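> Just my_file-v7.cif, nothing more (mmCIF, C-alpha atoms):
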```
data_work
loop_
_atom_site.label_atom_id
_atom_site.label_comp_id
_atom_site.auth_asym_id
_atom_site.auth_seq_id
_atom_site.Cartn_x
_atom_site.Cartn_y
_atom_site.Cartn_z
CA MET A 1 126.49 -58.54 -4.12
CA SER A 2 127.05 -55.90 -1.42
CA SER A 3 123.38 -54.93 -1.39
CA ALA A 4 122.43 -58.55 -0.68
CA SER A 5 124.78 -58.66 2.31
CA GLY A 6 123.29 -55.36 3.55
CA VAL A 7 119.82 -56.85 3.31
CA VAL A 8 120.94 -59.95 5.20
CA GLN A 9 122.51 -57.80 7.93
CA ARG A 10 119.35 -55.69 8.28
CA LEU A 11 117.25 -58.85 8.44
CA ALA A 12 119.48 -60.32 11.15
CA LEU A 13 119.32 -57.07 13.13
CA SER A 14 115.54 -56.96 12.77
CA ARG A 15 115.24 -60.55 14.00
CA GLN A 16 117.45 -59.76 16.98
CA ARG A 17 115.26 -56.77 17.88
CA VAL A 18 112.13 -58.91 17.66
CA ARG A 19 113.72 -61.52 19.95
CA LEU A 20 114.67 -58.80 22.43
CA ALA A 21 111.18 -57.30 22.35
CA LEU A 22 109.63 -60.71 22.96
CA ALA A 23 112.04 -61.36 25.83
CA VAL A 24 111.14 -58.00 27.40
CA GLN A 25 107.43 -58.70 26.95
CA ARG A 26 107.77 -62.11 28.63
CA SER A 27 109.96 -60.93 31.52
CA GLY A 28 108.31 -57.56 32.06
CA SER A 29 111.53 -55.73 32.92
CA ARG A 30 114.40 -54.21 31.00
CA SER A 31 117.10 -55.28 33.43
CA ASP A 32 116.95 -58.92 32.21
CA ARG A 33 117.54 -58.21 28.55
CA PRO A 34 120.98 -57.99 26.98
CA ALA A 35 122.11 -54.70 25.53
CA ALA A 36 120.77 -54.10 22.04
CA PRO A 37 123.29 -53.19 19.37
CA ALA A 38 123.42 -49.54 18.44
CA ALA A 39 122.17 -49.05 14.91
CA GLY A 40 121.95 -45.63 13.34
CA GLY A 41 120.55 -43.61 16.24
CA VAL A 42 118.04 -46.20 17.48
CA ASP A 43 119.59 -46.09 20.94
CA ALA A 44 120.07 -42.33 21.00
CA TRP A 45 117.98 -42.06 24.16
CA SER A 46 120.38 -44.41 25.99
CA ALA A 47 123.14 -41.82 25.71
CA ILE A 48 121.26 -39.39 27.98
CA PRO A 49 122.40 -39.80 31.59
CA GLY A 50 119.66 -41.12 33.84
CA ILE A 51 117.16 -41.91 31.08
CA ASP A 52 117.09 -45.61 31.99
CA ALA A 53 116.15 -44.68 35.55
CA LEU A 54 113.39 -42.43 34.23
CA PHE A 55 112.04 -45.17 31.96
CA ASP A 56 112.15 -47.70 34.81
CA THR A 57 110.32 -45.25 37.05
CA VAL A 58 107.58 -44.73 34.48
CA ARG A 59 107.33 -48.51 33.93
CA GLY A 60 107.03 -49.09 37.67
CA TRP A 61 104.41 -46.37 37.98
CA TRP A 62 102.39 -47.89 35.15
CA ALA A 63 102.71 -51.42 36.56
CA ASP A 64 101.18 -50.23 39.85
CA HIS A 65 98.56 -47.94 38.31
CA PRO A 66 94.99 -48.89 39.28
CA LEU A 67 93.62 -48.24 35.77
CA ARG A 68 96.15 -50.52 34.05
CA PRO A 69 94.04 -53.74 34.16
CA ALA A 70 90.94 -51.90 32.93
CA LEU A 71 92.84 -50.28 30.06
CA LEU A 72 94.46 -53.57 29.07
CA LEU A 73 91.03 -55.23 29.04
CA ALA A 74 89.60 -52.38 26.97
CA LEU A 75 92.53 -52.64 24.55
CA GLN A 76 92.02 -56.37 24.11
CA ALA A 77 88.26 -55.97 23.63
CA THR A 78 88.81 -53.18 21.10
CA GLN A 79 91.32 -55.22 19.13
CA THR A 80 88.96 -58.20 19.12
CA ALA A 81 86.10 -56.05 17.84
CA VAL A 82 88.06 -53.92 15.36
CA ALA A 83 90.21 -56.63 13.71
CA PRO A 84 87.33 -58.28 11.80
CA LEU A 85 85.94 -54.85 10.89
CA ALA A 86 89.33 -53.78 9.55
CA GLN A 87 89.56 -56.88 7.38
CA ARG A 88 86.06 -56.46 5.94
CA HIS A 89 85.79 -52.65 5.70
CA PRO A 90 89.21 -50.99 5.82
CA LEU A 91 88.01 -47.77 4.19
CA ALA A 92 85.24 -47.34 6.78
CA LEU A 93 87.80 -47.82 9.57
CA VAL A 94 90.14 -45.22 8.07
CA SER A 95 87.21 -42.80 7.67
CA ALA A 96 86.21 -43.33 11.31
CA ALA A 97 89.80 -42.69 12.38
CA LEU A 98 89.84 -39.49 10.32
CA VAL A 99 86.64 -38.27 11.99
CA ALA A 100 87.94 -39.21 15.46
CA GLY A 101 91.21 -37.37 14.79
CA GLY A 102 89.32 -34.31 13.59
CA LEU A 103 87.15 -34.29 16.70
CA PHE A 104 90.24 -34.68 18.86
CA ALA A 105 91.94 -31.72 17.16
CA TRP A 106 88.75 -29.64 17.32
CA SER A 107 88.29 -30.24 21.08
CA ARG A 108 91.94 -29.29 21.83
CA PRO A 109 92.32 -31.38 24.98
CA TRP A 110 95.91 -30.21 25.47
CA ARG A 111 94.55 -26.81 26.49
CA TRP A 112 92.44 -28.05 29.39
CA LEU A 113 94.29 -31.27 30.22
CA PHE A 114 97.57 -29.59 31.11
CA SER A 115 96.20 -26.75 33.18
CA PRO A 116 98.61 -25.12 35.65
CA ALA A 117 96.53 -26.25 38.63
CA LEU A 118 96.65 -29.87 37.49
CA LEU A 119 100.37 -29.74 36.84
CA ALA A 120 101.02 -28.04 40.18
CA GLY A 121 99.39 -30.99 41.91
CA LEU A 122 100.88 -33.78 39.82
CA VAL A 123 104.46 -32.74 39.14
CA PRO A 124 105.69 -32.71 42.77
CA GLN A 125 104.02 -36.07 43.42
CA MET A 126 105.59 -37.59 40.30
CA LEU A 127 109.03 -36.19 41.14
CA SER A 128 108.95 -37.49 44.70
CA THR A 129 107.87 -40.92 43.50
CA ALA A 130 110.60 -40.95 40.85
CA MET A 131 113.25 -39.87 43.33
CA ALA A 132 112.13 -42.50 45.84
CA ARG A 133 112.38 -45.30 43.24
CA VAL A 134 115.89 -44.44 42.09
CA PRO A 135 118.70 -45.46 44.48
CA GLY A 136 121.20 -42.88 45.72
CA PRO A 137 124.21 -44.16 43.76
CA ALA A 138 122.24 -43.79 40.53
CA TRP A 139 121.63 -40.10 41.27
CA LEU A 140 125.34 -39.69 42.00
CA ALA A 141 126.21 -41.38 38.69
CA VAL A 142 123.87 -39.03 36.82
CA LEU A 143 125.39 -35.97 38.50
CA ALA A 144 128.92 -37.25 37.82
CA ALA A 145 128.08 -37.82 34.14
CA LEU A 146 126.59 -34.35 33.84
CA ALA A 147 129.60 -32.77 35.56
CA LYS A 148 132.01 -34.75 33.36
CA ASP A 149 130.11 -33.70 30.23
CA ARG A 150 130.29 -30.05 31.32
CA THR A 151 134.05 -30.20 31.97
CA ASP A 152 134.73 -31.98 28.66
CA ARG A 153 133.20 -29.17 26.60
CA PRO A 154 135.56 -26.41 25.46
CA SER A 155 134.71 -23.05 26.94
CA SER A 156 133.09 -20.61 24.55
CA ALA A 157 134.63 -17.55 26.23
CA ALA A 158 137.73 -16.14 24.54
CA PRO A 159 140.84 -15.70 26.75
#
```
Rewrite the structure from the file as structure tokens, please.

Amino acid sequence: MSSASGVVQRLALSRQRVRLALAVQRSGSRSDRPAAPAAGGVDAWSAIPGIDALFDTVRGWWADHPLRPALLLALQATQTAVAPLAQRHPLALVSAALVAGGLFAWSRPWRWLFSPALLAGLVPQMLSTAMARVPGPAWLAVLAALAKDRTDRPSSAAP
């Protein structure tokens, strides 16, 4: 009987997560949604000080990005074209994905995409934008949490 109650609890938790995801998708921001229940490390990122501010900064950057509408349109067009193909020929779609993944690994874009010159130009711009979006009290709260975490740890040096 206990396994049935565990299944019911997992189903209720899953439904609640779906409702929260739909609410976030409709509203477009995280600040409107209620706090999700912690379940086995799902909210492990929330424990890191300042991570919500970082996520909100990235969301704001993406919302204002000029390529966002074009990429959303391309995503919708791709899904419209690929969904019937996936239903009729799933093996062909998996084979095409295997070939595309092999080409991606063979081209090694991480070697040329993250060049030092590119990072030297982008990182300061991204940091200044992130710092401008986050209010001052939030930075103070992050620093206070980090300082508190450092003082709570026992020192490793022997007396």
> Going by the chain IDs and residue numbers used in this file, which residues fall under the PyMOL selection byres ((chain A and resi 119-135) around 10)? Write them as a ChimeraX atom specification.
/A:50,53-58,60-61,113-118,136-140
> Quick one, how far is CA of Ala96 (chain A) from CA of Arg68 (chain A)?
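CA of Arg68 (chain A) lies at a distance of 25.8 Å from CA of Ala96 (chain A).
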> May I ask for the distance between CA of Ser27 (chain A) and CA of Leu72 (chain A), given in Å to one decimal place?
17.3 Å
> In terms of the shortest atom-to-atom distance over all atoms listed in the file, which of A:Ala83, A:Ile51, A:Leu98, A:Ala77 is closest to Ala141 (chain A)?
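Of all the options, A:Ile51 lies closest to Ala141 (chain A).
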> Report, as AutoDock Vina command-line options, the axis-aligned box around all atoms of region 108-112 of chain A present in the file, extended by 5 Å on each side; give centre and edge lengths in Å to one decimal place.

```
--center_x 93.9 --center_y -29.1 --center_z 25.6 --size_x 14.0 --size_y 14.6 --size_z 17.6
```
> Taking all atoms listed in the file into account, which of A:Ile48, A:Ala144, A:Val8, A:Ala81 comes nearest Leu93 (chain A)?
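So, comparing all the options, the nearest one is A:Ala81.
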> Can you take the partial region 129-142 of chain A, add N, CA and C atoms, and return it as a PDB file, keeping the file's coordinate frame?

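Listed below is the output, result.pdb:
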```pdb
ATOM      1  N   THR A 129     107.935 -39.486  43.759  1.00  0.00           N
ATOM      2  CA  THR A 129     107.870 -40.920  43.500  1.00  0.00           C
ATOM      3  C   THR A 129     109.064 -41.372  42.675  1.00  0.00           C
ATOM      4  N   ALA A 130     109.443 -40.598  41.679  1.00  0.00           N
ATOM      5  CA  ALA A 130     110.600 -40.950  40.850  1.00  0.00           C
ATOM      6  C   ALA A 130     111.875 -40.950  41.666  1.00  0.00           C
ATOM      7  N   MET A 131     112.034 -39.949  42.515  1.00  0.00           N
ATOM      8  CA  MET A 131     113.250 -39.870  43.330  1.00  0.00           C
ATOM      9  C   MET A 131     113.303 -40.989  44.361  1.00  0.00           C
ATOM     10  N   ALA A 132     112.147 -41.421  44.862  1.00  0.00           N
ATOM     11  CA  ALA A 132     112.130 -42.500  45.840  1.00  0.00           C
ATOM     12  C   ALA A 132     112.466 -43.846  45.184  1.00  0.00           C
ATOM     13  N   ARG A 133     112.126 -44.025  43.922  1.00  0.00           N
ATOM     14  CA  ARG A 133     112.380 -45.300  43.240  1.00  0.00           C
ATOM     15  C   ARG A 133     113.835 -45.452  42.807  1.00  0.00           C
ATOM     16  N   VAL A 134     114.520 -44.368  42.585  1.00  0.00           N
ATOM     17  CA  VAL A 134     115.890 -44.440  42.090  1.00  0.00           C
ATOM     18  C   VAL A 134     116.844 -44.433  43.284  1.00  0.00           C
ATOM     19  N   PRO A 135     117.761 -45.410  43.354  1.00  0.00           N
ATOM     20  CA  PRO A 135     118.700 -45.460  44.480  1.00  0.00           C
ATOM     21  C   PRO A 135     119.700 -44.299  44.429  1.00  0.00           C
ATOM     22  N   GLY A 136     120.259 -43.997  45.585  1.00  0.00           N
ATOM     23  CA  GLY A 136     121.200 -42.880  45.720  1.00  0.00           C
ATOM     24  C   GLY A 136     122.396 -42.948  44.788  1.00  0.00           C
ATOM     25  N   PRO A 137     123.061 -44.107  44.667  1.00  0.00           N
ATOM     26  CA  PRO A 137     124.210 -44.160  43.760  1.00  0.00           C
ATOM     27  C   PRO A 137     123.853 -43.836  42.309  1.00  0.00           C
ATOM     28  N   ALA A 138     122.634 -44.125  41.914  1.00  0.00           N
ATOM     29  CA  ALA A 138     122.240 -43.790  40.530  1.00  0.00           C
ATOM     30  C   ALA A 138     122.175 -42.286  40.347  1.00  0.00           C
ATOM     31  N   TRP A 139     121.663 -41.570  41.355  1.00  0.00           N
ATOM     32  CA  TRP A 139     121.630 -40.100  41.270  1.00  0.00           C
ATOM     33  C   TRP A 139     123.054 -39.548  41.211  1.00  0.00           C
ATOM     34  N   LEU A 140     123.959 -40.138  42.009  1.00  0.00           N
ATOM     35  CA  LEU A 140     125.340 -39.690  42.000  1.00  0.00           C
ATOM     36  C   LEU A 140     125.990 -39.940  40.632  1.00  0.00           C
ATOM     37  N   ALA A 141     125.664 -41.078  40.013  1.00  0.00           N
ATOM     38  CA  ALA A 141     126.210 -41.380  38.690  1.00  0.00           C
ATOM     39  C   ALA A 141     125.705 -40.384  37.648  1.00  0.00           C
ATOM     40  N   VAL A 142     124.432 -40.011  37.752  1.00  0.00           N
ATOM     41  CA  VAL A 142     123.870 -39.030  36.820  1.00  0.00           C
ATOM     42  C   VAL A 142     124.566 -37.680  36.998  1.00  0.00           C
TER      43      VAL A 142
END
```
